[in-house]
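What follows is the content of coords_11.txt (compact mmCIF, C-alpha atoms).
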```
# COMPACT_ATOMS: atom_id res chain seq x y z
CA MET B 1 102.95 97.11 103.39
CA GLY B 2 101.50 93.77 102.31
CA GLN B 3 98.53 94.14 104.64
CA TRP B 4 97.88 97.68 103.40
CA LEU B 5 97.98 96.50 99.80
CA GLU B 6 95.63 93.63 100.54
CA ARG B 7 93.15 95.74 102.50
CA ASN B 8 93.10 98.93 100.38
CA ILE B 9 93.89 97.74 96.85
CA ILE B 10 93.31 94.02 96.31
CA GLU B 11 90.14 93.50 98.39
CA PRO B 12 88.28 96.52 96.91
CA GLY B 13 89.27 95.31 93.40
CA LYS B 14 91.55 98.28 92.67
CA LEU B 15 94.61 96.28 91.57
CA PRO B 16 93.87 96.73 87.81
CA LEU B 17 93.55 100.47 88.37
CA LEU B 18 96.88 100.53 90.23
CA LEU B 19 98.55 98.55 87.44
CA ALA B 20 97.09 100.88 84.82
CA LEU B 21 98.33 103.94 86.71
CA GLY B 22 101.78 102.46 87.15
CA ALA B 23 102.01 101.55 83.47
CA PHE B 24 100.69 105.00 82.52
CA VAL B 25 103.29 106.92 84.55
CA LEU B 26 106.18 104.60 83.65
CA THR B 27 105.34 104.77 79.94
CA PHE B 28 105.21 108.57 80.04
CA VAL B 29 108.58 108.78 81.84
CA ILE B 30 110.28 106.33 79.46
CA THR B 31 108.77 108.06 76.42
CA ARG B 32 109.98 111.48 77.54
CA VAL B 33 113.46 110.14 78.24
CA VAL B 34 113.65 108.57 74.77
CA THR B 35 112.28 111.64 72.97
CA ARG B 36 114.70 113.91 74.81
CA LEU B 37 117.60 111.65 73.83
CA ILE B 38 116.42 111.74 70.21
CA ARG B 39 116.16 115.50 70.38
CA ALA B 40 119.72 115.75 71.76
CA GLY B 41 121.06 113.30 69.17
CA LYS B 42 122.20 110.84 71.81
CA GLY B 43 121.66 107.13 72.25
CA PRO B 44 120.56 104.48 69.77
CA PHE B 45 117.04 105.86 69.35
CA GLY B 46 115.54 107.60 66.35
CA ASN B 47 112.23 108.65 64.88
CA VAL B 48 110.09 105.89 63.40
CA THR B 49 109.09 106.47 59.80
CA ALA B 50 106.99 104.64 57.22
CA GLY B 51 108.34 105.88 53.96
CA SER B 52 108.22 109.66 54.26
CA VAL B 53 105.65 109.60 57.06
CA HIS B 54 106.78 110.18 60.64
CA VAL B 55 104.89 107.72 62.81
CA HIS B 56 104.15 109.49 66.09
CA HIS B 57 103.93 107.36 69.22
CA VAL B 58 100.29 108.33 69.58
CA VAL B 59 99.63 105.71 66.88
CA PRO B 60 100.80 102.65 68.90
CA GLY B 61 99.25 104.39 71.91
CA VAL B 62 95.81 104.32 70.30
CA ILE B 63 96.28 100.65 69.34
CA LEU B 64 97.31 99.66 72.88
CA THR B 65 94.43 101.64 74.39
CA VAL B 66 91.91 99.94 72.11
CA VAL B 67 93.36 96.48 72.77
CA GLY B 68 93.48 97.07 76.52
CA GLY B 69 89.96 98.49 76.67
CA PHE B 70 88.33 95.75 74.66
CA GLY B 71 90.46 93.14 76.43
CA ALA B 72 89.16 94.33 79.81
CA VAL B 73 85.57 94.11 78.58
CA ALA B 74 86.09 90.68 77.03
CA SER B 75 87.84 89.22 80.08
CA GLY B 76 84.71 89.56 82.21
CA GLY B 77 86.82 90.23 85.29
CA HIS B 78 88.16 86.68 85.44
CA GLY B 79 91.70 85.32 85.45
CA SER B 80 94.70 87.43 84.53
CA GLY B 81 92.89 89.16 81.66
CA PRO B 82 91.90 92.30 83.62
CA TYR B 83 95.47 92.81 84.85
CA VAL B 84 97.09 92.39 81.43
CA SER B 85 94.45 94.62 79.87
CA ALA B 86 95.01 97.26 82.56
CA VAL B 87 98.73 97.36 81.83
CA LEU B 88 98.14 97.61 78.07
CA PHE B 89 95.54 100.34 78.57
CA GLY B 90 97.85 102.30 80.88
CA MET B 91 100.71 102.07 78.40
CA GLY B 92 98.48 103.17 75.54
CA ALA B 93 97.02 106.06 77.53
CA GLY B 94 100.52 107.20 78.46
CA LEU B 95 101.59 107.29 74.81
CA VAL B 96 98.39 109.03 73.69
CA LEU B 97 98.35 111.73 76.36
CA ASP B 98 102.06 112.37 75.88
CA GLU B 99 101.01 113.74 72.48
CA PHE B 100 97.76 115.30 73.66
CA ALA B 101 98.86 118.70 72.33
CA LEU B 102 99.38 117.19 68.87
CA ILE B 103 95.83 115.83 68.89
CA LEU B 104 94.46 119.13 70.19
CA HIS B 105 96.20 121.30 67.60
CA LEU B 106 96.40 118.71 64.80
CA ASP B 107 100.00 119.79 64.39
CA ASP B 108 103.40 118.58 65.58
CA VAL B 109 103.80 120.95 68.53
CA TYR B 110 105.62 118.43 70.75
CA TRP B 111 108.61 120.68 71.49
CA SER B 112 106.80 123.99 71.19
CA GLU B 113 105.21 126.11 73.90
CA ALA B 114 101.82 124.59 73.03
CA GLY B 115 103.28 121.15 73.76
CA ARG B 116 103.20 121.91 77.48
CA LYS B 117 99.52 120.94 77.37
CA SER B 118 100.58 117.30 77.04
CA VAL B 119 102.52 117.41 80.30
CA GLU B 120 99.62 119.17 82.04
CA MET B 121 97.18 116.52 80.85
CA VAL B 122 99.41 113.65 82.00
CA VAL B 123 99.90 115.17 85.46
CA LEU B 124 96.17 115.91 85.78
CA THR B 125 95.21 112.37 84.74
CA ALA B 126 97.70 110.75 87.10
CA ALA B 127 96.45 112.92 89.99
CA LEU B 128 92.81 112.06 89.33
CA VAL B 129 93.50 108.33 89.12
CA GLY B 130 95.53 108.64 92.31
CA LEU B 131 92.52 110.19 94.05
CA LEU B 132 90.35 107.30 92.87
CA LEU B 133 92.86 104.85 94.30
CA ALA B 134 92.83 106.78 97.57
CA GLY B 135 89.09 106.16 97.88
CA PHE B 136 87.50 109.24 96.36
CA ALA B 137 84.56 108.64 94.04
CA PRO B 138 83.25 110.92 91.27
CA PHE B 139 80.54 113.43 92.24
CA GLY B 140 81.09 112.79 95.96
CA VAL B 141 79.02 109.62 96.08
CA ASN B 142 81.46 108.18 98.62
CA ASP B 143 80.43 110.93 101.07
CA LEU B 144 76.87 109.59 101.25
CA SER B 145 75.75 107.23 104.00
CA GLN B 146 74.33 103.78 103.32
CA GLN B 147 70.82 105.09 104.00
CA GLU B 148 71.34 107.96 101.57
CA LEU B 149 72.67 105.57 98.95
CA GLN B 150 69.41 103.65 99.17
CA ASN B 151 67.54 106.86 98.46
CA ARG B 152 67.95 107.39 94.73
CA ALA B 153 66.55 110.89 94.88
CA GLY B 154 69.17 111.89 97.45
CA VAL B 155 71.98 110.41 95.38
CA LEU B 156 70.82 112.12 92.21
CA THR B 157 70.44 115.43 94.03
CA GLY B 158 73.96 115.19 95.42
CA ILE B 159 75.41 114.33 92.03
CA ALA B 160 73.49 117.14 90.32
CA ALA B 161 74.57 119.71 92.94
CA ASN B 162 78.23 118.75 92.75
CA PHE B 163 78.11 118.67 88.95
CA GLY B 164 76.51 122.14 89.00
CA PHE B 165 79.31 123.55 91.17
CA ALA B 166 81.88 121.98 88.83
CA LEU B 167 80.17 123.56 85.81
CA ILE B 168 80.20 126.98 87.49
CA ALA B 169 83.90 126.59 88.25
CA LEU B 170 84.51 125.59 84.63
CA SER B 171 82.59 128.63 83.33
CA LYS B 172 84.76 130.80 85.59
CA GLY B 173 87.88 129.53 83.86
CA ARG B 174 88.92 127.30 86.76
CA VAL B 175 89.44 124.26 84.57
CA ARG B 176 91.77 122.25 86.80
CA LEU B 177 89.73 122.92 89.93
CA ALA B 178 86.53 122.01 88.07
CA VAL B 179 87.99 118.66 87.03
CA PHE B 180 89.24 117.89 90.55
CA GLY B 181 85.91 119.08 91.90
CA VAL B 182 84.16 116.21 90.16
CA VAL B 183 86.08 113.86 92.46
CA VAL B 184 86.41 116.08 95.54
CA PRO B 185 83.14 118.03 96.04
CA LEU B 186 84.63 120.65 98.37
CA VAL B 187 87.04 121.72 95.63
CA ALA B 188 84.15 122.36 93.24
CA VAL B 189 82.28 124.42 95.85
CA VAL B 190 85.34 126.60 96.64
CA ALA B 191 86.17 127.07 92.95
CA SER B 192 82.59 128.08 92.15
CA LEU B 193 82.73 130.83 94.81
CA ARG B 194 86.00 132.35 93.60
CA LEU B 195 86.26 135.24 91.18
CA ALA B 196 86.14 134.28 87.52
CA ARG B 197 89.30 134.56 85.46
CA PRO B 198 89.32 137.39 82.90
CA GLY B 199 88.07 136.25 79.51
CA SER B 200 86.10 133.33 80.93
CA PRO B 201 82.44 132.89 79.92
CA TRP B 202 81.33 133.86 83.44
CA ALA B 203 83.37 137.09 83.37
CA LYS B 204 82.08 138.04 79.94
CA ARG B 205 78.49 137.46 81.02
CA PHE B 206 78.40 138.83 84.58
CA TYR B 207 81.35 141.26 84.84
CA ARG B 208 80.47 143.27 81.76
CA ARG B 209 78.93 146.13 83.77
CA ARG B 210 80.57 145.35 87.11
CA HIS B 211 83.75 147.38 86.68
CA ARG B 212 85.00 146.78 90.21
CA ALA B 213 84.60 142.99 89.92
CA ARG B 214 86.29 143.01 86.52
CA ALA B 215 89.24 145.05 87.82
CA LYS B 216 89.55 142.83 90.90
CA ALA B 217 89.51 139.69 88.73
CA LEU B 218 92.23 141.13 86.47
CA LEU B 219 94.41 142.07 89.44
CA ARG B 220 93.98 138.71 91.14
CA ALA B 221 94.74 136.80 87.93
CA TYR B 222 97.85 138.93 87.38
CA HIS B 223 99.23 138.26 90.86
CA HIS B 224 98.36 134.55 90.64
CA ASP B 225 100.04 134.08 87.26
CA ARG B 226 103.07 136.10 88.34
CA ARG B 227 103.48 133.97 91.46
CA TRP B 228 102.90 130.53 89.95
CA SER B 229 103.84 130.72 86.27
CA ARG B 230 107.59 130.40 86.82
CA PRO B 231 107.44 127.41 89.25
CA THR B 232 104.88 125.71 86.99
CA ARG B 233 107.04 126.17 83.90
CA THR B 234 110.10 124.90 85.79
CA ILE B 235 108.30 121.70 86.81
CA GLN B 236 106.96 121.22 83.27
CA ASP B 237 110.45 121.69 81.82
CA TRP B 238 111.84 119.17 84.29
CA LEU B 239 109.17 116.60 83.48
CA GLY B 240 108.80 117.04 79.74
CA GLY B 241 111.79 118.99 78.53
CA LYS B 242 112.19 122.67 77.70
CA PRO B 243 110.29 123.79 74.58
CA ASP B 244 112.13 125.19 71.60
CA PRO B 245 112.32 128.99 71.50
CA PRO B 246 109.87 130.58 69.04
CA ALA B 247 111.23 131.14 65.56
CA PRO B 248 112.24 134.78 64.98
CA LEU B 249 110.01 136.79 62.71
CA SER B 250 111.42 137.55 59.31
CA ARG B 251 111.72 141.19 58.25
CA GLY B 252 109.22 140.72 55.48
CA SER B 253 106.43 139.51 57.79
```

Once more with this new file: its structure as structure tokens, please.
Amino acid sequence: MGQWLERNIIEPGKLPLLLALGAFVLTFVITRVVTRLIRAGKGPFGNVTAGSVHVHHVVPGVILTVVGGFGAVASGGHGSGPYVSAVLFGMGAGLVLDEFALILHLDDVYWSEAGRKSVEMVVLTAALVGLLLAGFAPFGVNDLSQQELQNRAGVLTGIAANFGFALIALSKGRVRLAVFGVVVPLVAVVASLRLARPGSPWAKRFYRRRHRARAKALLRAYHHDRRWSRPTRTIQDWLGGKPDPPAPLSRGS
């Protein structure tokens, strides 16, 4: 284990990234445990307030992220500064992304159905950083040989092609695959060749008069969502807690 860590993490200079990822995941887990205890009315924890203002944990998250980011830049890669900054940055990012849905909606949707976006963003971020630790590089640059790396035109062409496939996948509504495709080129290529999801920009533009393609996309999306929506929601509920049920509509509305 020690040799693996030395060869794959320490020598390539990935230890700060590993520390940041560890702090990120641990902070998210601890935060969710604490918020679920607060929600259940158990334990010594409670909401932090400043007067009548509820201070969300995204606030200290932003502060830690800023301190960690600027600390990493100021350290110049020397001493223990990069490692401390990486931990602070990971902690801050964990707190911020745990309330990603609040930032997105500018509303306290933490325990609502919309709050699931926070859990999705945390899982997606952790997976991408894990791929970087495993040796994948953005835009597939790691797949190029040393001779190709010396050829700037070849590198730029490879980056542009992979970025183009990722953009096509994104326009087809394959958001997660498009993001992963930036790191793993094959994913972007496969996602760009698949049918677009109904309502995506690609479907609105190219399936408008192609009735068979539109019907096939609707049917495929239906079967996909029916197969995976329940397991996905179960995992999200296990990680982040089950959202509150929607408030019933009043008779007058």

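Checking B:Ala215, B:Ala101, B:Leu128, B:Ala203 one by one against Val183 (chain B), counting all atoms listed in the file, you find the shortest gap at B:Leu128.
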
Task: Coordinates-based distance that separates CA of Leu95 (chain B) from CA of Ala20 (chain B) (Å, one decimal) - done: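 Here the two named atoms are 12.7 Å from each other.
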
Open item on the list: I'd like to know which of B:Leu106, B:Val122, B:Val58, B:Leu133 is closest to Leu15 (chain B), using all atoms listed in the file.
Closed with: B:Leu133

Open item on the list: Neighbouring residues of Leu17 (chain B) were defined as those with any atom within 12 Å, considering all atoms listed in the file; residues of the same chain fewer than 2 positions away were excluded. Please report them as a PyMOL selection string.
Closed with: chain B and resi 9-10+12-15+19-24+72+82-90+126+128-135

Atoms kept (C-alpha atoms) for selection, written as a compact mmCIF listing (two decimals), in the coordinates of the input:
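Once written, part.txt looks like this:
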```
# COMPACT_ATOMS: atom_id res chain seq x y z
CA ILE B 9 93.89 97.74 96.85
CA ILE B 10 93.31 94.02 96.31
CA PRO B 12 88.28 96.52 96.91
CA GLY B 13 89.27 95.31 93.40
CA LYS B 14 91.55 98.28 92.67
CA LEU B 15 94.61 96.28 91.57
CA LEU B 19 98.55 98.55 87.44
CA ALA B 20 97.09 100.88 84.82
CA LEU B 21 98.33 103.94 86.71
CA GLY B 22 101.78 102.46 87.15
CA ALA B 23 102.01 101.55 83.47
CA PHE B 24 100.69 105.00 82.52
CA ALA B 72 89.16 94.33 79.81
CA PRO B 82 91.90 92.30 83.62
CA TYR B 83 95.47 92.81 84.85
CA VAL B 84 97.09 92.39 81.43
CA SER B 85 94.45 94.62 79.87
CA ALA B 86 95.01 97.26 82.56
CA VAL B 87 98.73 97.36 81.83
CA LEU B 88 98.14 97.61 78.07
CA PHE B 89 95.54 100.34 78.57
CA GLY B 90 97.85 102.30 80.88
CA ALA B 126 97.70 110.75 87.10
CA LEU B 128 92.81 112.06 89.33
CA VAL B 129 93.50 108.33 89.12
CA GLY B 130 95.53 108.64 92.31
CA LEU B 131 92.52 110.19 94.05
CA LEU B 132 90.35 107.30 92.87
CA LEU B 133 92.86 104.85 94.30
CA ALA B 134 92.83 106.78 97.57
CA GLY B 135 89.09 106.16 97.88
```

Open item on the list: Under the rule that all atoms listed in the file are counted, which of B:Thr232, B:Gly69, B:Gly61, B:Met121 is the nearest residue to Val179 (chain B)?
Closed with: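 Of B:Thr232, B:Gly69, B:Gly61, B:Met121, the one nearest Val179 (chain B) is B:Met121, counting all atoms listed in the file.
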
TODO: Would you mind telling me which residue in B:Val67, B:Leu124, B:Ala160, B:Ala217 lies nearest to Leu177 (chain B) when using all atoms listed in the file?
DONE: B:Leu124

Open item on the list: Given the point (89.3, 135.8, 86.2) in the coordinates of this file, which residues lie within 9 Å, counting only C-alpha atoms, and how would they look as number ranges by chain?
Closed with: B: 172-174, 194-200, 202-203, 214, 216-221

Could the centre and edge lengths of an axis-aligned box, enclosing all atoms of region 38-52 of chain B in the file with 5 Å extra on each side, be given in Å to one decimal as lines of an AutoDock Vina configuration file?
```
center_x = 114.6
center_y = 110.1
center_z = 63.1
size_x = 25.2
size_y = 21.3
size_z = 28.3
```

Open item on the list: Between CA of Thr125 (chain B) and CA of Gly240 (chain B), what distance in Å does the model show, to one decimal?
Closed with: 15.2 Å

Open item on the list: What's around Ser112 (chain B) at 9 Å? Count only C-alpha atoms, leave out sequence neighbours fewer than 6 positions away in its own chain, and write the answer as a PyMOL selection string.
Closed with: chain B and resi 242-246

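Coordinates place CA of Ser192 (chain B) at a distance of 8.8 Å from CA of Ser171 (chain B).
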
- [ ] List the neighbours of Ala166 (chain B) out to 6 Å using all atoms listed in the file; skip same-chain residues closer than 2 positions along the sequence, and give me the result as a ChimeraX atom specification.
- [x] /B:163-164,168-169,178,181,188

Could those residues be written to a file, using C-alpha atoms, as a short mmCIF file (atom, residue, chain, number, x, y, z; two decimals), keeping the file's coordinate frame?
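Contents of the output file result28.cif:
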```
data_model
loop_
_atom_site.label_atom_id
_atom_site.label_comp_id
_atom_site.auth_asym_id
_atom_site.auth_seq_id
_atom_site.Cartn_x
_atom_site.Cartn_y
_atom_site.Cartn_z
CA PHE B 163 78.11 118.67 88.95
CA GLY B 164 76.51 122.14 89.00
CA ILE B 168 80.20 126.98 87.49
CA ALA B 169 83.90 126.59 88.25
CA ALA B 178 86.53 122.01 88.07
CA GLY B 181 85.91 119.08 91.90
CA ALA B 188 84.15 122.36 93.24
#
```

Task: Residue among B:Trp111, B:Phe180, B:Phe165, B:Phe28 lying closest to Phe136 (chain B), counting all atoms listed in the file - done: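 Of B:Trp111, B:Phe180, B:Phe165, B:Phe28, the one nearest Phe136 (chain B) is B:Phe180, counting all atoms listed in the file.
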
Task: Counting only C-alpha atoms, the residue of B:Val62, B:Gly241, B:Asn47, B:Gly79 that sits nearest Pro16 (chain B) - done: B:Gly79
